[in-house]
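S.K.: For reference, the file input_25.txt (compact mmCIF, C-alpha atoms) is included below:
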```
# COMPACT_ATOMS: atom_id res chain seq x y z
CA MET N 726 100.27 102.27 113.68
CA THR N 727 98.22 105.44 113.17
CA GLY N 728 99.01 108.11 110.60
CA HIS N 729 100.14 110.45 113.39
CA GLU N 730 102.47 107.79 114.81
CA TYR N 731 103.88 107.18 111.35
CA ALA N 732 104.59 110.90 110.83
CA ASP N 733 106.30 111.01 114.25
CA LEU N 734 108.42 107.98 113.27
CA VAL N 735 109.52 109.57 109.98
CA ALA N 736 110.29 112.88 111.72
CA ARG N 737 112.39 111.09 114.37
CA TYR N 738 114.20 109.17 111.62
CA ILE N 739 115.12 112.40 109.83
CA VAL N 740 116.30 114.04 113.06
CA LYS N 741 118.42 111.06 114.07
CA ASN N 742 120.10 110.65 110.68
CA PHE N 743 120.26 114.16 109.24
CA ALA N 744 120.08 116.80 112.02
CA SER N 745 123.89 116.74 112.19
CA ARG N 746 123.83 118.22 108.66
CA GLY N 747 122.15 121.35 110.00
CA VAL N 748 118.49 120.71 109.19
CA LYS N 749 115.70 121.47 111.63
CA VAL N 750 112.61 119.26 111.63
CA TYR N 751 109.16 120.56 112.54
CA ARG N 752 105.76 118.82 112.82
CA GLU N 753 102.41 120.07 111.54
CA VAL N 754 103.43 123.36 109.95
CA ASN N 755 100.91 125.62 108.22
CA VAL N 756 102.09 126.31 104.67
CA GLY N 757 99.69 128.32 102.48
CA LYS N 758 96.47 126.94 101.03
CA THR N 759 95.39 123.71 99.39
CA LEU N 760 93.96 123.48 95.87
CA THR N 761 90.50 123.77 97.43
CA GLY N 762 91.40 126.99 99.28
CA ARG N 763 91.66 125.53 102.76
CA GLY N 764 94.65 126.09 105.02
CA ARG N 765 97.39 123.57 104.31
CA ARG N 766 99.21 121.89 107.19
CA VAL N 767 102.11 119.62 106.25
CA ASP N 768 103.03 116.72 108.51
CA ILE N 769 106.78 117.39 108.47
CA PHE N 770 108.71 120.50 107.48
CA VAL N 771 112.47 120.09 107.08
CA LEU N 772 114.41 123.37 106.96
CA GLU N 773 118.07 124.05 106.31
CA PRO N 774 118.40 127.54 107.85
CA GLY N 775 121.80 128.27 106.31
CA THR N 776 120.55 127.99 102.73
CA GLY N 777 116.84 128.58 103.20
CA THR N 778 116.09 125.27 101.49
CA ALA N 779 113.02 123.45 102.78
CA LEU N 780 111.14 120.21 102.13
CA ALA N 781 107.47 119.70 102.99
CA ILE N 782 106.54 116.07 103.70
CA GLU N 783 103.06 114.58 103.88
CA CYS N 784 102.96 111.16 105.56
CA LYS N 785 100.53 108.44 104.53
CA PHE N 786 100.37 105.14 106.40
CA GLN N 787 97.78 102.51 105.54
CA GLY N 788 97.92 99.42 107.74
CA SER N 789 94.73 97.88 106.34
CA VAL N 790 92.47 98.36 103.33
CA GLY N 791 90.58 101.63 103.70
CA THR N 792 89.71 104.99 102.23
CA VAL N 793 93.21 106.49 102.00
CA ASP N 794 93.44 105.15 98.42
CA GLU N 795 90.92 107.78 97.36
CA LYS N 796 92.99 110.57 98.92
CA ILE N 797 96.39 109.74 97.39
CA PRO N 798 95.88 111.19 93.87
CA PHE N 799 94.57 114.45 95.35
CA ALA N 800 97.41 114.59 97.90
CA LEU N 801 99.99 114.23 95.11
CA GLN N 802 98.32 116.89 92.96
CA ASP N 803 97.89 119.24 95.90
CA LEU N 804 101.53 118.95 96.99
CA GLU N 805 102.77 119.47 93.42
CA SER N 806 101.02 122.87 93.48
CA MET N 807 103.27 124.10 96.29
CA ARG N 808 106.17 126.38 95.46
CA ILE N 809 108.77 124.44 97.46
CA PRO N 810 110.18 120.89 97.25
CA VAL N 811 107.61 118.35 98.47
CA CYS N 812 107.32 114.65 99.26
CA VAL N 813 104.67 112.08 100.14
CA SER N 814 106.26 109.55 102.47
CA TYR N 815 104.26 106.33 102.59
CA ALA N 816 104.22 102.84 104.11
CA GLY N 817 101.82 100.11 105.12
CA ASP N 818 100.20 97.02 103.63
CA GLY N 819 96.73 98.50 103.08
CA PHE N 820 97.28 100.37 99.81
CA SER N 821 95.69 98.90 96.69
CA GLN N 822 97.98 97.74 93.88
CA GLY N 823 96.79 100.65 91.72
CA ILE N 824 97.69 103.25 94.33
CA LEU N 825 101.04 101.57 94.99
CA HIS N 826 101.73 101.85 91.26
CA ILE N 827 100.85 105.56 91.31
CA LEU N 828 103.04 106.15 94.37
CA SER N 829 106.02 104.18 93.06
CA ALA N 830 105.85 106.07 89.75
CA SER N 831 105.56 109.52 91.31
CA PRO N 832 108.77 111.57 91.50
CA ILE N 833 107.54 113.18 94.73
CA ALA N 834 106.58 109.97 96.57
CA ALA N 835 109.04 108.00 98.70
CA TYR N 836 108.49 104.71 100.49
CA CYS N 837 109.87 104.95 104.02
CA LEU N 838 109.48 102.61 106.97
CA PRO N 839 112.29 103.09 109.51
CA GLY N 840 112.86 100.51 112.21
CA ALA N 841 111.16 102.02 115.27
CA LYS N 842 114.00 101.13 117.64
CA SER N 843 117.16 101.69 115.61
CA LEU N 844 115.97 104.40 113.21
CA ALA N 845 118.93 103.36 111.06
CA PRO N 846 119.03 103.90 107.28
CA SER N 847 118.06 100.77 105.34
CA ASN N 848 116.51 99.61 102.09
CA ASP N 849 113.18 100.60 103.67
CA THR N 850 114.29 104.24 104.00
CA ARG N 851 116.34 104.53 100.79
CA GLU N 852 113.70 106.37 98.75
CA LEU N 853 113.25 109.10 101.36
CA ASP N 854 117.02 109.28 101.89
CA CYS N 855 117.46 109.91 98.16
CA LEU N 856 114.76 112.57 98.06
CA LEU N 857 116.31 114.35 101.05
CA ALA N 858 119.76 114.10 99.43
CA MET N 859 118.54 115.57 96.15
CA THR N 860 116.66 118.40 97.89
CA PHE N 861 119.53 119.45 100.16
CA LYS N 862 122.39 118.44 97.80
CA TRP N 863 123.84 115.80 100.11
CA TRP N 864 125.51 113.89 97.29
CA ASP N 865 127.51 111.74 99.70
CA VAL N 866 124.23 110.09 100.75
CA LEU N 867 123.64 109.01 97.15
CA VAL N 868 127.12 107.54 96.67
CA ARG N 869 127.43 105.99 100.15
CA GLY N 870 129.01 102.55 99.86
CA LYS N 871 129.86 102.96 96.17
CA LYS N 872 133.34 102.65 94.78
CA ARG N 873 134.69 105.68 92.99
CA VAL N 874 135.77 105.11 89.38
CA ALA N 875 139.49 105.46 88.77
CA LEU N 876 141.75 104.84 85.77
```
Mind converting the file's structure to structure tokens?
M.R.:
Amino acid sequence: MTGHEYADLVARYIVKNFASRGVKVYREVNVGKTLTGRGRRVDIFVLEPGTGTALAIECKFQGSVGTVDEKIPFALQDLESMRIPVCVSYAGDGFSQGILHILSASPIAAYCLPGAKSLAPSNDTRELDCLLAMTFKWWDVLVRGKKRVAL
């Protein structure tokens, strides 16, 4: 899977599971400048028109060992400089253990690998689901399947 195919997969996953909540999903949206002064283009831009809330998502897929490891720390720092909620969605077996540690510890990174056919929520989409829920205040997503406490 290429990085572009991964971003398309994540975008389709969001549309299938969350468009009914009123969000619009866009691909490759120009949003300001990077830390180095170049034009920033985010892979996915999720917008809730009714509230004006938005989430910018950068997608990183690494199917085999390569150079993406070197880009992850900068990508996290660059996204954190934006003035809107942000996320790095990632998947793949090619990340080094050190980079996986950085990603798993980052509050703006979310592992996400939807099933290409079903696009159904699963343990492999839970981190992105939670980040979307916290951004757009979809608290029912967080408590889905949990029993409410009663006296």
S.K.: Please tell me which residues are no farther than 8 Å from (109.5, 121.8, 99.6) in the file, counting only C-alpha atoms, and write them as a list in words.
M.R.: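 Residues lying no farther than 8 Å from the given point: Thr778, Ala779, Leu780, Ala781, Ile782, Met807, Arg808, Ile809, Pro810, Val811 and Cys812 of chain N.
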S.K.: Got time to write the residues from that selection, C-alpha atoms, as a PDB file, in the coordinates of the input?
M.R.:
```pdb
ATOM      1  CA  THR N 778     116.090 125.270 101.490  1.00  0.00           C
ATOM      2  CA  ALA N 779     113.020 123.450 102.780  1.00  0.00           C
ATOM      3  CA  LEU N 780     111.140 120.210 102.130  1.00  0.00           C
ATOM      4  CA  ALA N 781     107.470 119.700 102.990  1.00  0.00           C
ATOM      5  CA  ILE N 782     106.540 116.070 103.700  1.00  0.00           C
ATOM      6  CA  MET N 807     103.270 124.100  96.290  1.00  0.00           C
ATOM      7  CA  ARG N 808     106.170 126.380  95.460  1.00  0.00           C
ATOM      8  CA  ILE N 809     108.770 124.440  97.460  1.00  0.00           C
ATOM      9  CA  PRO N 810     110.180 120.890  97.250  1.00  0.00           C
ATOM     10  CA  VAL N 811     107.610 118.350  98.470  1.00  0.00           C
ATOM     11  CA  CYS N 812     107.320 114.650  99.260  1.00  0.00           C
TER      12      CYS N 812
END
```
S.K.: With only C-alpha atoms as the counted atoms, please give the residues lying no more than 12 Å from Leu804 of chain N, apart from itself and same-chain residues fewer than 6 positions off, as a tab-separated table (two decimals) with C-alpha atoms, in the frame of the given file.
M.R.:
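Result file follows (part26.tsv):
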```
chain	number	residue	atom	x	y	z
N	756	VAL	CA	102.09	126.31	104.67
N	757	GLY	CA	99.69	128.32	102.48
N	758	LYS	CA	96.47	126.94	101.03
N	759	THR	CA	95.39	123.71	99.39
N	760	LEU	CA	93.96	123.48	95.87
N	765	ARG	CA	97.39	123.57	104.31
N	766	ARG	CA	99.21	121.89	107.19
N	767	VAL	CA	102.11	119.62	106.25
N	768	ASP	CA	103.03	116.72	108.51
N	780	LEU	CA	111.14	120.21	102.13
N	781	ALA	CA	107.47	119.70	102.99
N	782	ILE	CA	106.54	116.07	103.70
N	783	GLU	CA	103.06	114.58	103.88
N	784	CYS	CA	102.96	111.16	105.56
N	797	ILE	CA	96.39	109.74	97.39
N	798	PRO	CA	95.88	111.19	93.87
N	810	PRO	CA	110.18	120.89	97.25
N	811	VAL	CA	107.61	118.35	98.47
N	812	CYS	CA	107.32	114.65	99.26
N	813	VAL	CA	104.67	112.08	100.14
N	814	SER	CA	106.26	109.55	102.47
N	831	SER	CA	105.56	109.52	91.31
N	832	PRO	CA	108.77	111.57	91.50
N	833	ILE	CA	107.54	113.18	94.73
N	834	ALA	CA	106.58	109.97	96.57
```
S.K.: Find, counting only C-alpha atoms, the residue in N:Leu853, N:Cys837, N:Leu801, N:Leu876 that gets nearest to Gly817 of chain N.
M.R.: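 Of all the options, N:Cys837 lies closest to Gly817 of chain N.
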S.K.: Contacts of Gly840 of chain N at 9 Å or less, counting only C-alpha atoms, minus same-chain residues fewer than 3 places along, as a PyMOL selection string?
M.R.: chain N and resi 734+738+843-847+849
S.K.: Work out how far apart atom CA of Val750 of chain N and atom CA of Arg737 of chain N are and give it in Å to one decimal.
M.R.: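 Separating atom CA of Val750 of chain N from atom CA of Arg737 of chain N is a distance of 8.6 Å.
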S.K.: At what distance in Å, to one decimal, does atom CA of Gly823 of chain N lie from atom CA of Gln787 of chain N?
M.R.: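 Pair atom CA of Gln787 of chain N / atom CA of Gly823 of chain N returns 14.0 Å.
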S.K.: Between N:Arg763, N:Lys862, N:Ser821, N:Tyr815, which is the closest to Asp803 of chain N once you count only C-alpha atoms?
M.R.: N:Arg763
S.K.: Excluding Phe786 of chain N and any residue of its chain fewer than 3 positions from it, enumerate the residues within 12 Å of it, using all atoms listed in the file, and give them as a ChimeraX atom specification.
M.R.: /N:726-735,783,789-794,796-797,813-820,825,835-838
S.K.: Could those selected residues go to a file with C-alpha atoms, as a PDB file, keeping the file's coordinate frame?
M.R.:
```pdb
ATOM      1  CA  MET N 726     100.270 102.270 113.680  1.00  0.00           C
ATOM      2  CA  THR N 727      98.220 105.440 113.170  1.00  0.00           C
ATOM      3  CA  GLY N 728      99.010 108.110 110.600  1.00  0.00           C
ATOM      4  CA  HIS N 729     100.140 110.450 113.390  1.00  0.00           C
ATOM      5  CA  GLU N 730     102.470 107.790 114.810  1.00  0.00           C
ATOM      6  CA  TYR N 731     103.880 107.180 111.350  1.00  0.00           C
ATOM      7  CA  ALA N 732     104.590 110.900 110.830  1.00  0.00           C
ATOM      8  CA  ASP N 733     106.300 111.010 114.250  1.00  0.00           C
ATOM      9  CA  LEU N 734     108.420 107.980 113.270  1.00  0.00           C
ATOM     10  CA  VAL N 735     109.520 109.570 109.980  1.00  0.00           C
ATOM     11  CA  GLU N 783     103.060 114.580 103.880  1.00  0.00           C
ATOM     12  CA  SER N 789      94.730  97.880 106.340  1.00  0.00           C
ATOM     13  CA  VAL N 790      92.470  98.360 103.330  1.00  0.00           C
ATOM     14  CA  GLY N 791      90.580 101.630 103.700  1.00  0.00           C
ATOM     15  CA  THR N 792      89.710 104.990 102.230  1.00  0.00           C
ATOM     16  CA  VAL N 793      93.210 106.490 102.000  1.00  0.00           C
ATOM     17  CA  ASP N 794      93.440 105.150  98.420  1.00  0.00           C
ATOM     18  CA  LYS N 796      92.990 110.570  98.920  1.00  0.00           C
ATOM     19  CA  ILE N 797      96.390 109.740  97.390  1.00  0.00           C
ATOM     20  CA  VAL N 813     104.670 112.080 100.140  1.00  0.00           C
ATOM     21  CA  SER N 814     106.260 109.550 102.470  1.00  0.00           C
ATOM     22  CA  TYR N 815     104.260 106.330 102.590  1.00  0.00           C
ATOM     23  CA  ALA N 816     104.220 102.840 104.110  1.00  0.00           C
ATOM     24  CA  GLY N 817     101.820 100.110 105.120  1.00  0.00           C
ATOM     25  CA  ASP N 818     100.200  97.020 103.630  1.00  0.00           C
ATOM     26  CA  GLY N 819      96.730  98.500 103.080  1.00  0.00           C
ATOM     27  CA  PHE N 820      97.280 100.370  99.810  1.00  0.00           C
ATOM     28  CA  LEU N 825     101.040 101.570  94.990  1.00  0.00           C
ATOM     29  CA  ALA N 835     109.040 108.000  98.700  1.00  0.00           C
ATOM     30  CA  TYR N 836     108.490 104.710 100.490  1.00  0.00           C
ATOM     31  CA  CYS N 837     109.870 104.950 104.020  1.00  0.00           C
ATOM     32  CA  LEU N 838     109.480 102.610 106.970  1.00  0.00           C
TER      33      LEU N 838
END
```
S.K.: For atom CA of Ala800 of chain N and atom CA of Lys785 of chain N, determine how far apart the two atoms are, in Å to one decimal place.
M.R.: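 We find that atom CA of Ala800 of chain N and atom CA of Lys785 of chain N lie 9.6 Å from each other.
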S.K.: Which is closest to Val754 of chain N among N:Lys842, N:Ile769, N:Arg851, N:Phe799, if we use all atoms listed in the file?
M.R.: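 Of N:Lys842, N:Ile769, N:Arg851, N:Phe799, the one nearest Val754 of chain N is N:Ile769, counting all atoms listed in the file.
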S.K.: Looking at only C-alpha atoms, which of N:Gly764, N:Arg869, N:Trp863, N:Gln822 is the one that sits closest to Arg746 of chain N?
M.R.: N:Trp863
S.K.: Return the single residue from N:Cys855, N:Ala736, N:Ser806, N:Thr860 that is closest to Thr776 of chain N, with distances computed using all atoms listed in the file.
M.R.: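 The shortest atom-to-atom distance to Thr776 of chain N comes from N:Thr860.
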S.K.: Could you name the residues that touch Pro774 of chain N at 10 Å or less, counting all atoms listed in the file, but leaving out those on the same chain fewer than 3 positions away, as a PyMOL selection string?
M.R.: chain N and resi 747-749+771+777-779
S.K.: Which of these, N:Glu795, N:Tyr751, N:Asn848, N:Val868, has the shortest distance to Ile824 of chain N once you count only C-alpha atoms?
M.R.: N:Glu795
S.K.: From the structure just shown, export segment 734-866 of chain N with C-alpha atoms as a PDB file, in the first residue's frame.
M.R.:
```pdb
ATOM      1  CA  LEU N 734      -8.437   4.386   2.972  1.00  0.00           C
ATOM      2  CA  VAL N 735      -8.514   6.480   6.156  1.00  0.00           C
ATOM      3  CA  ALA N 736     -10.621   9.174   4.448  1.00  0.00           C
ATOM      4  CA  ARG N 737     -13.114   6.552   3.207  1.00  0.00           C
ATOM      5  CA  TYR N 738     -13.245   5.040   6.707  1.00  0.00           C
ATOM      6  CA  ILE N 739     -14.115   8.420   8.237  1.00  0.00           C
ATOM      7  CA  VAL N 740     -16.780   9.109   5.603  1.00  0.00           C
ATOM      8  CA  LYS N 741     -18.391   5.690   6.016  1.00  0.00           C
ATOM      9  CA  ASN N 742     -18.508   5.802   9.817  1.00  0.00           C
ATOM     10  CA  PHE N 743     -18.891   9.486  10.670  1.00  0.00           C
ATOM     11  CA  ALA N 744     -20.389  11.435   7.733  1.00  0.00           C
ATOM     12  CA  SER N 745     -23.850  10.774   9.186  1.00  0.00           C
ATOM     13  CA  ARG N 746     -22.783  13.000  12.117  1.00  0.00           C
ATOM     14  CA  GLY N 747     -22.502  15.957   9.763  1.00  0.00           C
ATOM     15  CA  VAL N 748     -18.766  16.064   9.047  1.00  0.00           C
ATOM     16  CA  LYS N 749     -17.376  16.668   5.577  1.00  0.00           C
ATOM     17  CA  VAL N 750     -14.110  15.000   4.594  1.00  0.00           C
ATOM     18  CA  TYR N 751     -11.658  16.559   2.144  1.00  0.00           C
ATOM     19  CA  ARG N 752      -8.330  15.325   0.725  1.00  0.00           C
ATOM     20  CA  GLU N 753      -5.118  17.313   0.283  1.00  0.00           C
ATOM     21  CA  VAL N 754      -6.168  20.682   1.664  1.00  0.00           C
ATOM     22  CA  ASN N 755      -3.758  23.621   1.841  1.00  0.00           C
ATOM     23  CA  VAL N 756      -3.608  24.902   5.419  1.00  0.00           C
ATOM     24  CA  GLY N 757      -1.075  27.678   6.091  1.00  0.00           C
ATOM     25  CA  LYS N 758       2.671  27.147   6.233  1.00  0.00           C
ATOM     26  CA  THR N 759       4.998  24.560   7.716  1.00  0.00           C
ATOM     27  CA  LEU N 760       7.681  25.325  10.298  1.00  0.00           C
ATOM     28  CA  THR N 761      10.117  25.771   7.406  1.00  0.00           C
ATOM     29  CA  GLY N 762       7.874  28.329   5.666  1.00  0.00           C
ATOM     30  CA  ARG N 763       6.639  26.111   2.865  1.00  0.00           C
ATOM     31  CA  GLY N 764       2.966  25.713   2.017  1.00  0.00           C
ATOM     32  CA  ARG N 765       1.350  23.031   4.160  1.00  0.00           C
ATOM     33  CA  ARG N 766      -1.002  20.504   2.582  1.00  0.00           C
ATOM     34  CA  VAL N 767      -2.724  18.094   4.964  1.00  0.00           C
ATOM     35  CA  ASP N 768      -3.757  14.664   3.741  1.00  0.00           C
ATOM     36  CA  ILE N 769      -7.256  14.761   5.253  1.00  0.00           C
ATOM     37  CA  PHE N 770      -9.303  17.697   6.502  1.00  0.00           C
ATOM     38  CA  VAL N 771     -12.428  16.830   8.503  1.00  0.00           C
ATOM     39  CA  LEU N 772     -14.860  19.729   8.950  1.00  0.00           C
ATOM     40  CA  GLU N 773     -18.044  19.987  10.977  1.00  0.00           C
ATOM     41  CA  PRO N 774     -19.710  22.964   9.237  1.00  0.00           C
ATOM     42  CA  GLY N 775     -22.333  23.508  11.935  1.00  0.00           C
ATOM     43  CA  THR N 776     -19.782  24.213  14.669  1.00  0.00           C
ATOM     44  CA  GLY N 777     -16.768  25.233  12.601  1.00  0.00           C
ATOM     45  CA  THR N 778     -14.700  22.532  14.292  1.00  0.00           C
ATOM     46  CA  ALA N 779     -12.024  20.942  12.107  1.00  0.00           C
ATOM     47  CA  LEU N 780      -9.371  18.244  12.359  1.00  0.00           C
ATOM     48  CA  ALA N 781      -6.289  18.106  10.121  1.00  0.00           C
ATOM     49  CA  ILE N 782      -4.909  14.588   9.611  1.00  0.00           C
ATOM     50  CA  GLU N 783      -1.524  13.623   8.205  1.00  0.00           C
ATOM     51  CA  CYS N 784      -1.305   9.969   7.146  1.00  0.00           C
ATOM     52  CA  LYS N 785       1.881   7.937   7.434  1.00  0.00           C
ATOM     53  CA  PHE N 786       2.049   4.362   6.159  1.00  0.00           C
ATOM     54  CA  GLN N 787       5.293   2.407   6.222  1.00  0.00           C
ATOM     55  CA  GLY N 788       5.029  -1.077   4.748  1.00  0.00           C
ATOM     56  CA  SER N 789       8.763  -1.779   4.880  1.00  0.00           C
ATOM     57  CA  VAL N 790      11.829  -0.314   6.562  1.00  0.00           C
ATOM     58  CA  GLY N 791      12.646   3.035   4.979  1.00  0.00           C
ATOM     59  CA  THR N 792      13.229   6.729   5.451  1.00  0.00           C
ATOM     60  CA  VAL N 793       9.847   7.702   6.909  1.00  0.00           C
ATOM     61  CA  ASP N 794      11.311   7.180  10.403  1.00  0.00           C
ATOM     62  CA  GLU N 795      13.381  10.324   9.929  1.00  0.00           C
ATOM     63  CA  LYS N 796      10.301  12.352   8.994  1.00  0.00           C
ATOM     64  CA  ILE N 797       8.028  11.396  11.918  1.00  0.00           C
ATOM     65  CA  PRO N 798       9.508  13.648  14.650  1.00  0.00           C
ATOM     66  CA  PHE N 799       9.375  16.654  12.308  1.00  0.00           C
ATOM     67  CA  ALA N 800       5.824  15.801  11.197  1.00  0.00           C
ATOM     68  CA  LEU N 801       4.663  15.696  14.824  1.00  0.00           C
ATOM     69  CA  GLN N 802       6.380  18.982  15.681  1.00  0.00           C
ATOM     70  CA  ASP N 803       5.109  20.660  12.524  1.00  0.00           C
ATOM     71  CA  LEU N 804       1.493  19.593  13.119  1.00  0.00           C
ATOM     72  CA  GLU N 805       1.639  20.707  16.758  1.00  0.00           C
ATOM     73  CA  SER N 806       2.413  24.227  15.489  1.00  0.00           C
ATOM     74  CA  MET N 807      -0.952  24.455  13.744  1.00  0.00           C
ATOM     75  CA  ARG N 808      -3.755  26.405  15.379  1.00  0.00           C
ATOM     76  CA  ILE N 809      -6.408  23.705  14.949  1.00  0.00           C
ATOM     77  CA  PRO N 810      -6.786  20.128  16.233  1.00  0.00           C
ATOM     78  CA  VAL N 811      -4.381  17.786  14.423  1.00  0.00           C
ATOM     79  CA  CYS N 812      -3.585  14.090  14.118  1.00  0.00           C
ATOM     80  CA  VAL N 813      -0.971  11.810  12.591  1.00  0.00           C
ATOM     81  CA  SER N 814      -2.718   8.615  11.532  1.00  0.00           C
ATOM     82  CA  TYR N 815      -0.243   5.781  11.039  1.00  0.00           C
ATOM     83  CA  ALA N 816      -0.002   2.091  10.159  1.00  0.00           C
ATOM     84  CA  GLY N 817       2.378  -0.416   8.633  1.00  0.00           C
ATOM     85  CA  ASP N 818       5.098  -2.820   9.726  1.00  0.00           C
ATOM     86  CA  GLY N 819       8.080  -0.753   8.559  1.00  0.00           C
ATOM     87  CA  PHE N 820       8.420   1.695  11.453  1.00  0.00           C
ATOM     88  CA  SER N 821      11.374   1.204  13.793  1.00  0.00           C
ATOM     89  CA  GLN N 822      10.657   0.375  17.437  1.00  0.00           C
ATOM     90  CA  GLY N 823      11.896   3.832  18.459  1.00  0.00           C
ATOM     91  CA  ILE N 824       9.506   5.622  16.125  1.00  0.00           C
ATOM     92  CA  LEU N 825       6.625   3.360  17.178  1.00  0.00           C
ATOM     93  CA  HIS N 826       7.378   4.357  20.769  1.00  0.00           C
ATOM     94  CA  ILE N 827       7.310   8.059  19.833  1.00  0.00           C
ATOM     95  CA  LEU N 828       4.037   7.623  17.919  1.00  0.00           C
ATOM     96  CA  SER N 829       2.319   5.573  20.623  1.00  0.00           C
ATOM     97  CA  ALA N 830       3.311   8.151  23.259  1.00  0.00           C
ATOM     98  CA  SER N 831       2.190  11.175  21.243  1.00  0.00           C
ATOM     99  CA  PRO N 832      -1.220  12.633  22.129  1.00  0.00           C
ATOM    100  CA  ILE N 833      -1.714  13.645  18.490  1.00  0.00           C
ATOM    101  CA  ALA N 834      -0.839  10.286  16.889  1.00  0.00           C
ATOM    102  CA  ALA N 835      -3.409   7.551  16.293  1.00  0.00           C
ATOM    103  CA  TYR N 836      -2.854   4.061  14.928  1.00  0.00           C
ATOM    104  CA  CYS N 837      -5.503   3.304  12.314  1.00  0.00           C
ATOM    105  CA  LEU N 838      -5.760   0.451   9.831  1.00  0.00           C
ATOM    106  CA  PRO N 839      -9.350  -0.061   8.663  1.00  0.00           C
ATOM    107  CA  GLY N 840     -10.315  -3.232   6.852  1.00  0.00           C
ATOM    108  CA  ALA N 841     -10.303  -2.211   3.181  1.00  0.00           C
ATOM    109  CA  LYS N 842     -13.558  -4.019   2.377  1.00  0.00           C
ATOM    110  CA  SER N 843     -15.740  -3.492   5.439  1.00  0.00           C
ATOM    111  CA  LEU N 844     -14.367  -0.169   6.702  1.00  0.00           C
ATOM    112  CA  ALA N 845     -15.955  -1.136  10.028  1.00  0.00           C
ATOM    113  CA  PRO N 846     -14.715   0.215  13.377  1.00  0.00           C
ATOM    114  CA  SER N 847     -12.401  -2.232  15.152  1.00  0.00           C
ATOM    115  CA  ASN N 848      -9.504  -2.397  17.582  1.00  0.00           C
ATOM    116  CA  ASP N 849      -7.346  -1.302  14.627  1.00  0.00           C
ATOM    117  CA  THR N 850      -9.295   1.973  14.282  1.00  0.00           C
ATOM    118  CA  ARG N 851      -9.969   2.658  17.976  1.00  0.00           C
ATOM    119  CA  GLU N 852      -7.236   5.277  18.438  1.00  0.00           C
ATOM    120  CA  LEU N 853      -8.445   7.402  15.517  1.00  0.00           C
ATOM    121  CA  ASP N 854     -12.067   6.893  16.594  1.00  0.00           C
ATOM    122  CA  CYS N 855     -11.179   8.264  20.043  1.00  0.00           C
ATOM    123  CA  LEU N 856      -9.321  11.246  18.617  1.00  0.00           C
ATOM    124  CA  LEU N 857     -12.259  12.077  16.337  1.00  0.00           C
ATOM    125  CA  ALA N 858     -14.673  11.680  19.265  1.00  0.00           C
ATOM    126  CA  MET N 859     -12.654  14.006  21.486  1.00  0.00           C
ATOM    127  CA  THR N 860     -12.278  16.627  18.742  1.00  0.00           C
ATOM    128  CA  PHE N 861     -15.950  16.706  17.756  1.00  0.00           C
ATOM    129  CA  LYS N 862     -17.377  15.841  21.216  1.00  0.00           C
ATOM    130  CA  TRP N 863     -18.973  12.566  20.124  1.00  0.00           C
ATOM    131  CA  TRP N 864     -18.948  11.103  23.627  1.00  0.00           C
ATOM    132  CA  ASP N 865     -21.181   8.195  22.614  1.00  0.00           C
ATOM    133  CA  VAL N 866     -18.276   6.860  20.531  1.00  0.00           C
TER     134      VAL N 866
END
```
